[in-house]
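Notes follow the structure.
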Amino acid sequence: MYCRVALTQCTSYHPQEVRAAVDRAVAAAGGWPPLSSASRVVVKPNLLMATPPARAVTTHPQVVAAVVRSLQEAGARVMIADCPGGPFSRSALERLYRVTGMLEVAEATGAQLNFDTGSVELPLPDGLVIRSLTVARVLAEADLVVGVSKLKTHGLTRLTAAVKLMFGAIPGLKKAEYHLKMPAVGDFSRLLLDVARAIRPGMSVVDGVVGMDGPGPSRGSPRPLGVIAAARDPYALDWALARWLGVDESTVPTVSASIAAGLLDPHQVELVEVSPRPVRPTDFRIPTGRPTAIPGWHRLPGPVRARLDALLRPRPLFDARLCTGCGVCVHNCPPGALRLDEGIPTVNLQECIRCFCCEELCPQGAARIHQPWLMRLMFR
């Protein structure tokens with residue numbers, strides 16, 4: 001299916017500049033679907049954890065506000081909703097909305113904030129890896145879901161933008177169950193496609209004004225990229241952003257899985273850079289690959305794979321100077337491979353599935369993923 005992906009320049013979070021950039025990108029991508037005052041529109045930002053906007057971990061509130069106002073002017077009633085990592089409770093959501101700036105967005109625009117922590121089971125008879133999916137009720141019942149993601153790197157999927165954003169539709173600790181069931185990168189990437197197919201975002205907007213490179217999605221460095229992007233197709237949008245960043249799209253597992261599943265045909269994607277055109281980065285730092293990215297990996301004899309796996313696989317480490325012993329990593333570890341030892345997490349590498357949830361959700365940034373030197377040499 002033909003899809004237009006629009007990118008435009010936005011170099012600051014000044015409200016007028018952001019609103020103009022969002023309007024340009026959305027219009028060039030085909031505009032909002034038909035809306036009315038009866039339309040229940042849910043804007044889903046990336047609210048991974050309760051961190052302030054300056055850290056570039058979450059979608060900036062000015063981008064969310066611009067999307068909300070644009071939708072309201074088109075006639076829709078708008079609610080802001082996401083399911084962060086960890087417990088999915090009202091108290092957790094209240095803190096999340098306050099710290100990430102979403103409370104201010106709601107107060108300024110009149111949009112509602114979601115506090116419904118209920119979930120529903122959606123059937124997926126043609127799912128790639130699952131036949132049903134547990135998602136937040138507010139997203140399942142929306143007439144239109146608009147994803148507003150943050151352009152970041154990710155230790156597992158290398159990039160996170162429009163497709164990976166939809167994993168936030170899965171409530172709270174249920175995410176850990178899916179990680180545990182599908183520890184392999186390929187299976188997990190296909191799960192992400194199933195989630196996106198279940199939620200069916202009608203428009204995806206990406207906040208790349210200040211993105212993140214390096215060890216994302218929470219420990220990387222804020223990186224000014226000066227871009228707002230939009231498309232009706234999240235798979236096409238991720239493919240186009242990888243190309244724009246200079247990343248080989250075949251090394252981004254969600255993109256390659258989209259092509260393999262027939263959800264994306266790159267020949268049917270038109271990448272439009274709307275004036276003023278964004279400046280392409282030349283040194284965007286992307287996380288290294290995984291052992292399974294080695295050509296012919298699955299054809300190697302089992303003992304050889306096991307030995308290489310031990311030499312190449314990344315593993316979590318914890319900085320005792322930063323760790324407060326809060327236990328967030330332990331409570332959110334899908335296989336239960338972490339425990340607190342004198343207030344510092346230790347990991348059982350035999351049980352660790354390398355999902356990197358510990359790094360992703362650590363409030364203090366004390367968790368990091370160690371890449372063995374041989375792996376860094378092979379994937380540099």
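Labeling convention for the structure tokens: chains A, B, ... as they appear, residues from 1 per chain, ligands from 1 in order of appearance.
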Give me the region 24-50 of chain A side of the contact with region 248-272 of chain A, cut-off 10 Å, one line per residue showing its nearest atom pair and distance in Å at one decimal, counting only C-alpha atoms, sorted by chain and residue number, as a Markdown table.
```
| residue | atom | partner | partner_atom | distance |
| --- | --- | --- | --- | --- |
| A:Ala25 | CA | A:Val272 | CA | 9.2 |
| A:Ala28 | CA | A:Val272 | CA | 7.8 |
| A:Ala29 | CA | A:Val272 | CA | 8.6 |
```
Residues of region 13-234 of chain A in strand (DSSP E or B) according to DSSP, as a PyMOL selection string? chain A and resi 40-45+77-80+112-113+119-123+132-136+144-154+158-160+203-213+221-231
Show which residues sit within 10 Å of Ala184 (chain A), as number ranges by chain. Count only C-alpha atoms, and ignore same-chain residues fewer than 2 positions away. A: 156, 179-182, 186-189, 292, 353-355
Requested write-out: C-alpha atoms of the selected residues, as a compact mmCIF listing (two decimals), in the first residue's frame:
```txt
# COMPACT_ATOMS: atom_id res chain seq x y z
CA LEU A 156 17.05 -4.48 21.85
CA HIS A 179 9.11 -10.38 27.15
CA LEU A 180 9.51 -13.68 28.98
CA LYS A 181 7.44 -15.61 26.44
CA MET A 182 9.39 -14.16 23.51
CA GLY A 186 13.00 -11.83 16.09
CA ASP A 187 9.97 -13.15 17.97
CA PHE A 188 9.75 -10.03 20.11
CA SER A 189 9.92 -7.82 17.02
CA THR A 292 21.81 -13.49 16.21
CA ILE A 353 17.01 -13.17 28.56
CA ARG A 354 18.74 -9.87 27.61
CA CYS A 355 15.50 -7.92 27.29
```
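Atom pair CA of Cys358 (chain A) / CA of Gly325 (chain A) has a distance of 12.6 Å (rounded to one decimal).
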Counting only C-alpha atoms, what is within 10 Å of Tyr97 (chain A), bar same-chain residues fewer than 2 positions away, as a PDB file with all heavy atoms, in the first residue's frame?
```pdb
ATOM      1  N   LEU A  47       5.654   7.532  27.242  1.00  0.00           N
ATOM      2  CA  LEU A  47       5.845   7.884  28.650  1.00  0.00           C
ATOM      3  C   LEU A  47       6.467   6.692  29.362  1.00  0.00           C
ATOM      4  O   LEU A  47       5.883   6.108  30.275  1.00  0.00           O
ATOM      5  CB  LEU A  47       4.511   8.283  29.290  1.00  0.00           C
ATOM      6  CG  LEU A  47       3.751   9.435  28.619  1.00  0.00           C
ATOM      7  CD1 LEU A  47       2.459   9.732  29.370  1.00  0.00           C
ATOM      8  CD2 LEU A  47       4.618  10.680  28.506  1.00  0.00           C
ATOM      9  N   MET A  49       8.767   6.256  31.524  1.00  0.00           N
ATOM     10  CA  MET A  49       8.933   6.344  32.965  1.00  0.00           C
ATOM     11  C   MET A  49       8.818   7.805  33.379  1.00  0.00           C
ATOM     12  O   MET A  49       8.806   8.699  32.529  1.00  0.00           O
ATOM     13  CB  MET A  49      10.296   5.773  33.385  1.00  0.00           C
ATOM     14  CG  MET A  49      11.459   6.473  32.719  1.00  0.00           C
ATOM     15  SD  MET A  49      13.022   5.553  32.718  1.00  0.00           S
ATOM     16  CE  MET A  49      13.278   5.261  34.446  1.00  0.00           C
ATOM     17  N   ALA A  50       8.705   8.032  34.671  1.00  0.00           N
ATOM     18  CA  ALA A  50       8.517   9.390  35.181  1.00  0.00           C
ATOM     19  C   ALA A  50       9.843  10.146  35.184  1.00  0.00           C
ATOM     20  O   ALA A  50      10.556  10.185  36.188  1.00  0.00           O
ATOM     21  CB  ALA A  50       7.914   9.352  36.580  1.00  0.00           C
ATOM     22  N   THR A  51      10.185  10.722  34.040  1.00  0.00           N
ATOM     23  CA  THR A  51      11.393  11.529  33.923  1.00  0.00           C
ATOM     24  C   THR A  51      11.030  12.880  33.315  1.00  0.00           C
ATOM     25  O   THR A  51      10.110  12.973  32.505  1.00  0.00           O
ATOM     26  CB  THR A  51      12.445  10.848  33.026  1.00  0.00           C
ATOM     27  OG1 THR A  51      11.869  10.601  31.737  1.00  0.00           O
ATOM     28  CG2 THR A  51      12.916   9.540  33.614  1.00  0.00           C
ATOM     29  N   ILE A  80      -5.310  11.739  26.636  1.00  0.00           N
ATOM     30  CA  ILE A  80      -3.900  11.358  26.617  1.00  0.00           C
ATOM     31  C   ILE A  80      -3.745  10.108  27.476  1.00  0.00           C
ATOM     32  O   ILE A  80      -4.208  10.077  28.628  1.00  0.00           O
ATOM     33  CB  ILE A  80      -3.020  12.495  27.167  1.00  0.00           C
ATOM     34  CG1 ILE A  80      -3.178  13.753  26.312  1.00  0.00           C
ATOM     35  CG2 ILE A  80      -1.550  12.064  27.218  1.00  0.00           C
ATOM     36  CD1 ILE A  80      -2.569  15.001  26.930  1.00  0.00           C
ATOM     37  N   ALA A  81      -3.101   9.077  26.942  1.00  0.00           N
ATOM     38  CA  ALA A  81      -3.001   7.816  27.675  1.00  0.00           C
ATOM     39  C   ALA A  81      -1.735   7.067  27.300  1.00  0.00           C
ATOM     40  O   ALA A  81      -1.307   7.085  26.146  1.00  0.00           O
ATOM     41  CB  ALA A  81      -4.222   6.934  27.394  1.00  0.00           C
ATOM     42  N   ASP A  82      -1.170   6.396  28.286  1.00  0.00           N
ATOM     43  CA  ASP A  82      -0.066   5.474  28.053  1.00  0.00           C
ATOM     44  C   ASP A  82       0.024   4.535  29.245  1.00  0.00           C
ATOM     45  O   ASP A  82      -0.547   4.806  30.314  1.00  0.00           O
ATOM     46  CB  ASP A  82       1.262   6.218  27.861  1.00  0.00           C
ATOM     47  CG  ASP A  82       2.350   5.332  27.265  1.00  0.00           C
ATOM     48  OD1 ASP A  82       2.012   4.269  26.720  1.00  0.00           O
ATOM     49  OD2 ASP A  82       3.534   5.711  27.341  1.00  0.00           O
ATOM     50  N   ALA A  92       0.598   5.700  40.209  1.00  0.00           N
ATOM     51  CA  ALA A  92       1.721   5.709  39.273  1.00  0.00           C
ATOM     52  C   ALA A  92       1.446   6.647  38.106  1.00  0.00           C
ATOM     53  O   ALA A  92       2.344   7.378  37.655  1.00  0.00           O
ATOM     54  CB  ALA A  92       2.004   4.293  38.775  1.00  0.00           C
ATOM     55  N   LEU A  93       0.210   6.639  37.599  1.00  0.00           N
ATOM     56  CA  LEU A  93      -0.140   7.519  36.484  1.00  0.00           C
ATOM     57  C   LEU A  93      -0.113   8.992  36.907  1.00  0.00           C
ATOM     58  O   LEU A  93       0.333   9.851  36.137  1.00  0.00           O
ATOM     59  CB  LEU A  93      -1.517   7.154  35.944  1.00  0.00           C
ATOM     60  CG  LEU A  93      -1.607   5.845  35.165  1.00  0.00           C
ATOM     61  CD1 LEU A  93      -3.056   5.511  34.838  1.00  0.00           C
ATOM     62  CD2 LEU A  93      -0.773   5.903  33.889  1.00  0.00           C
ATOM     63  N   GLU A  94      -0.580   9.289  38.104  1.00  0.00           N
ATOM     64  CA  GLU A  94      -0.558  10.679  38.571  1.00  0.00           C
ATOM     65  C   GLU A  94       0.868  11.224  38.597  1.00  0.00           C
ATOM     66  O   GLU A  94       1.127  12.349  38.137  1.00  0.00           O
ATOM     67  CB  GLU A  94      -1.192  10.770  39.960  1.00  0.00           C
ATOM     68  CG  GLU A  94      -2.703  10.614  39.950  1.00  0.00           C
ATOM     69  CD  GLU A  94      -3.290  10.604  41.352  1.00  0.00           C
ATOM     70  OE1 GLU A  94      -2.509  10.423  42.327  1.00  0.00           O
ATOM     71  OE2 GLU A  94      -4.524  10.763  41.479  1.00  0.00           O
ATOM     72  N   ARG A  95       1.782  10.441  39.127  1.00  0.00           N
ATOM     73  CA  ARG A  95       3.177  10.886  39.169  1.00  0.00           C
ATOM     74  C   ARG A  95       3.754  10.987  37.758  1.00  0.00           C
ATOM     75  O   ARG A  95       4.474  11.937  37.428  1.00  0.00           O
ATOM     76  CB  ARG A  95       4.021   9.932  40.011  1.00  0.00           C
ATOM     77  CG  ARG A  95       5.500  10.335  40.108  1.00  0.00           C
ATOM     78  CD  ARG A  95       6.246   9.498  41.123  1.00  0.00           C
ATOM     79  NE  ARG A  95       7.613   9.977  41.244  1.00  0.00           N
ATOM     80  CZ  ARG A  95       8.634   9.543  40.510  1.00  0.00           C
ATOM     81  NH1 ARG A  95       8.420   8.601  39.581  1.00  0.00           N
ATOM     82  NH2 ARG A  95       9.848  10.034  40.672  1.00  0.00           N
ATOM     83  N   VAL A  99       5.356  14.481  36.275  1.00  0.00           N
ATOM     84  CA  VAL A  99       6.796  14.620  36.020  1.00  0.00           C
ATOM     85  C   VAL A  99       7.085  14.821  34.539  1.00  0.00           C
ATOM     86  O   VAL A  99       7.987  15.586  34.172  1.00  0.00           O
ATOM     87  CB  VAL A  99       7.551  13.386  36.570  1.00  0.00           C
ATOM     88  CG1 VAL A  99       9.038  13.463  36.210  1.00  0.00           C
ATOM     89  CG2 VAL A  99       7.390  13.295  38.084  1.00  0.00           C
ATOM     90  N   THR A 100       6.342  14.157  33.664  1.00  0.00           N
ATOM     91  CA  THR A 100       6.616  14.241  32.224  1.00  0.00           C
ATOM     92  C   THR A 100       6.009  15.470  31.560  1.00  0.00           C
ATOM     93  O   THR A 100       6.232  15.711  30.371  1.00  0.00           O
ATOM     94  CB  THR A 100       6.087  12.994  31.498  1.00  0.00           C
ATOM     95  OG1 THR A 100       4.668  12.888  31.710  1.00  0.00           O
ATOM     96  CG2 THR A 100       6.784  11.730  31.998  1.00  0.00           C
ATOM     97  N   GLY A 101       5.223  16.247  32.304  1.00  0.00           N
ATOM     98  CA  GLY A 101       4.636  17.462  31.739  1.00  0.00           C
ATOM     99  C   GLY A 101       3.272  17.263  31.129  1.00  0.00           C
ATOM    100  O   GLY A 101       2.687  18.223  30.597  1.00  0.00           O
ATOM    101  N   MET A 102       2.720  16.046  31.188  1.00  0.00           N
ATOM    102  CA  MET A 102       1.407  15.803  30.579  1.00  0.00           C
ATOM    103  C   MET A 102       0.275  16.483  31.354  1.00  0.00           C
ATOM    104  O   MET A 102      -0.742  16.861  30.779  1.00  0.00           O
ATOM    105  CB  MET A 102       1.128  14.299  30.474  1.00  0.00           C
ATOM    106  CG  MET A 102       2.074  13.546  29.549  1.00  0.00           C
ATOM    107  SD  MET A 102       2.096  14.186  27.861  1.00  0.00           S
ATOM    108  CE  MET A 102       3.827  14.696  27.739  1.00  0.00           C
ATOM    109  N   LEU A 103       0.456  16.651  32.661  1.00  0.00           N
ATOM    110  CA  LEU A 103      -0.553  17.348  33.452  1.00  0.00           C
ATOM    111  C   LEU A 103      -0.695  18.790  32.966  1.00  0.00           C
ATOM    112  O   LEU A 103      -1.817  19.300  32.823  1.00  0.00           O
ATOM    113  CB  LEU A 103      -0.176  17.317  34.934  1.00  0.00           C
ATOM    114  CG  LEU A 103      -1.128  18.041  35.898  1.00  0.00           C
ATOM    115  CD1 LEU A 103      -2.532  17.467  35.811  1.00  0.00           C
ATOM    116  CD2 LEU A 103      -0.597  17.959  37.338  1.00  0.00           C
ATOM    117  N   GLU A 104       0.421  19.432  32.670  1.00  0.00           N
ATOM    118  CA  GLU A 104       0.379  20.797  32.153  1.00  0.00           C
ATOM    119  C   GLU A 104      -0.287  20.841  30.780  1.00  0.00           C
ATOM    120  O   GLU A 104      -1.019  21.777  30.467  1.00  0.00           O
ATOM    121  CB  GLU A 104       1.791  21.376  32.071  1.00  0.00           C
ATOM    122  CG  GLU A 104       2.448  21.599  33.431  1.00  0.00           C
ATOM    123  CD  GLU A 104       3.841  22.195  33.286  1.00  0.00           C
ATOM    124  OE1 GLU A 104       4.193  22.627  32.174  1.00  0.00           O
ATOM    125  OE2 GLU A 104       4.560  22.228  34.297  1.00  0.00           O
ATOM    126  N   VAL A 105      -0.030  19.829  29.953  1.00  0.00           N
ATOM    127  CA  VAL A 105      -0.677  19.766  28.638  1.00  0.00           C
ATOM    128  C   VAL A 105      -2.187  19.690  28.797  1.00  0.00           C
ATOM    129  O   VAL A 105      -2.946  20.393  28.119  1.00  0.00           O
ATOM    130  CB  VAL A 105      -0.149  18.561  27.829  1.00  0.00           C
ATOM    131  CG1 VAL A 105      -0.942  18.410  26.531  1.00  0.00           C
ATOM    132  CG2 VAL A 105       1.330  18.715  27.527  1.00  0.00           C
ATOM    133  N   ALA A 106      -2.637  18.831  29.695  1.00  0.00           N
ATOM    134  CA  ALA A 106      -4.077  18.671  29.911  1.00  0.00           C
ATOM    135  C   ALA A 106      -4.702  19.970  30.422  1.00  0.00           C
ATOM    136  O   ALA A 106      -5.784  20.373  29.974  1.00  0.00           O
ATOM    137  CB  ALA A 106      -4.332  17.534  30.899  1.00  0.00           C
ATOM    138  N   LEU A 113      -6.826  13.269  30.885  1.00  0.00           N
ATOM    139  CA  LEU A 113      -5.776  12.295  31.166  1.00  0.00           C
ATOM    140  C   LEU A 113      -6.442  10.985  31.559  1.00  0.00           C
ATOM    141  O   LEU A 113      -7.413  10.976  32.323  1.00  0.00           O
ATOM    142  CB  LEU A 113      -4.870  12.782  32.301  1.00  0.00           C
ATOM    143  CG  LEU A 113      -4.038  14.033  32.023  1.00  0.00           C
ATOM    144  CD1 LEU A 113      -3.336  14.500  33.294  1.00  0.00           C
ATOM    145  CD2 LEU A 113      -3.018  13.780  30.922  1.00  0.00           C
ATOM    146  N   ASN A 114      -5.929   9.896  31.061  1.00  0.00           N
ATOM    147  CA  ASN A 114      -6.538   8.610  31.361  1.00  0.00           C
ATOM    148  C   ASN A 114      -6.094   8.084  32.715  1.00  0.00           C
ATOM    149  O   ASN A 114      -4.904   8.035  33.016  1.00  0.00           O
ATOM    150  CB  ASN A 114      -6.155   7.583  30.294  1.00  0.00           C
ATOM    151  CG  ASN A 114      -6.666   6.203  30.665  1.00  0.00           C
ATOM    152  OD1 ASN A 114      -7.867   5.992  30.778  1.00  0.00           O
ATOM    153  ND2 ASN A 114      -5.743   5.274  30.901  1.00  0.00           N
TER     154      ASN A 114
END
```
Pick the closest to Arg190 (chain A) from A:Ile130, A:Ala162, A:Cys362, A:Leu237: which is it, counting only C-alpha atoms?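 Once distances to Arg190 (chain A) are computed over only C-alpha atoms, the minimum belongs to A:Ile130.
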As a PyMOL selection string, please: every residue in region 132-324 of chain A that a backbone DSSP assignment puts in helix (DSSP H, G or I). chain A and resi 137-140+162-169+174-181+185-199+234-245+249-251+253-260+266-268+291-293+297-299+302-312
From A:Val120, A:Val347, A:Met203, A:Ala111, residue lying nearest Trp32 (chain A) [only C-alpha atoms]: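 The shortest atom-to-atom distance to Trp32 (chain A) comes from A:Met203.
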Contacts of Cys352 (chain A) at 10 Å (only C-alpha atoms; same-chain gap of 6+ positions) as an mmCIF file with N, CA, C and O atoms, in the first residue's frame:
```cif
data_model
loop_
_atom_site.group_PDB
_atom_site.id
_atom_site.type_symbol
_atom_site.label_atom_id
_atom_site.label_comp_id
_atom_site.auth_asym_id
_atom_site.auth_seq_id
_atom_site.Cartn_x
_atom_site.Cartn_y
_atom_site.Cartn_z
ATOM 1 N N LEU A 180 9.066 -12.359 28.548
ATOM 2 C CA LEU A 180 9.513 -13.681 28.975
ATOM 3 C C LEU A 180 9.099 -14.753 27.982
ATOM 4 O O LEU A 180 9.857 -15.695 27.718
ATOM 5 N N PRO A 183 11.719 -14.180 24.277
ATOM 6 C CA PRO A 183 13.009 -13.560 24.551
ATOM 7 C C PRO A 183 13.852 -13.308 23.306
ATOM 8 O O PRO A 183 14.717 -12.433 23.311
ATOM 9 N N ARG A 315 25.450 -8.099 28.579
ATOM 10 C CA ARG A 315 24.956 -8.435 29.913
ATOM 11 C C ARG A 315 24.798 -7.170 30.740
ATOM 12 O O ARG A 315 25.516 -6.192 30.535
ATOM 13 N N PRO A 316 23.844 -7.155 31.671
ATOM 14 C CA PRO A 316 23.640 -5.963 32.491
ATOM 15 C C PRO A 316 24.687 -5.833 33.588
ATOM 16 O O PRO A 316 25.106 -6.821 34.191
ATOM 17 N N CYS A 333 11.957 -7.452 36.242
ATOM 18 C CA CYS A 333 12.759 -8.401 35.451
ATOM 19 C C CYS A 333 11.862 -9.562 35.020
ATOM 20 O O CYS A 333 11.400 -10.344 35.872
ATOM 21 N N PRO A 334 11.582 -9.708 33.721
ATOM 22 C CA PRO A 334 10.647 -10.761 33.278
ATOM 23 C C PRO A 334 10.993 -12.165 33.747
ATOM 24 O O PRO A 334 10.103 -12.877 34.234
ATOM 25 N N PRO A 335 12.277 -12.626 33.648
ATOM 26 C CA PRO A 335 12.552 -13.994 34.091
ATOM 27 C C PRO A 335 12.901 -14.099 35.571
ATOM 28 O O PRO A 335 13.191 -15.201 36.050
ATOM 29 N N GLY A 336 12.921 -12.979 36.302
ATOM 30 C CA GLY A 336 13.320 -13.023 37.702
ATOM 31 C C GLY A 336 14.789 -13.324 37.877
ATOM 32 O O GLY A 336 15.194 -14.000 38.835
ATOM 33 N N ALA A 337 15.614 -12.827 36.971
ATOM 34 C CA ALA A 337 17.050 -13.123 37.004
ATOM 35 C C ALA A 337 17.834 -12.189 37.914
ATOM 36 O O ALA A 337 19.038 -12.372 38.097
ATOM 37 N N LEU A 338 17.183 -11.170 38.473
ATOM 38 C CA LEU A 338 17.866 -10.201 39.328
ATOM 39 C C LEU A 338 17.453 -10.365 40.783
ATOM 40 O O LEU A 338 16.326 -10.729 41.088
#
```
Long-range neighbours of Ala320 (chain A) as number ranges by chain, 10 Å cut-off, only C-alpha atoms, 3 positions minimum in chain: A: 317, 323-325, 343-345, 366-367
Skipping near chain neighbours, those fewer than 5 positions away, what residues fall within 9 Å of Thr109 (chain A) using only C-alpha atoms, listed as JSON, numbers by chain? {"A": [65, 68, 69, 72, 104]}
Distance table requested - region 204-293 of chain A against region 165-173 of chain A, cut-off 12 Å, only C-alpha atoms: one row per qualifying residue with the closest atom pair and its distance in Å to one decimal, ordered by chain and rising residue number, as a Markdown table.
```
| residue | atom | partner | partner_atom | distance |
| --- | --- | --- | --- | --- |
| A:Ser204 | CA | A:Leu165 | CA | 9.7 |
| A:Val205 | CA | A:Leu165 | CA | 10.8 |
| A:Val206 | CA | A:Leu165 | CA | 10.1 |
| A:Asp207 | CA | A:Leu165 | CA | 11.9 |
| A:Pro217 | CA | A:Leu165 | CA | 11.3 |
| A:Pro234 | CA | A:Leu165 | CA | 9.6 |
| A:Tyr235 | CA | A:Leu165 | CA | 11.5 |
| A:Asp238 | CA | A:Leu165 | CA | 10.8 |
| A:Thr254 | CA | A:Leu165 | CA | 11.5 |
```
Between CA of Asp341 (chain A) and CA of His370 (chain A), what is the distance, to one decimal in Å?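 Between CA of Asp341 (chain A) and CA of His370 (chain A) the gap is 19.5 Å.
Among the candidates A:Ala161, A:Val42, A:Glu360, A:Glu342, the one nearest to Ala240 (chain A) when counting only C-alpha atoms is A:Ala161.
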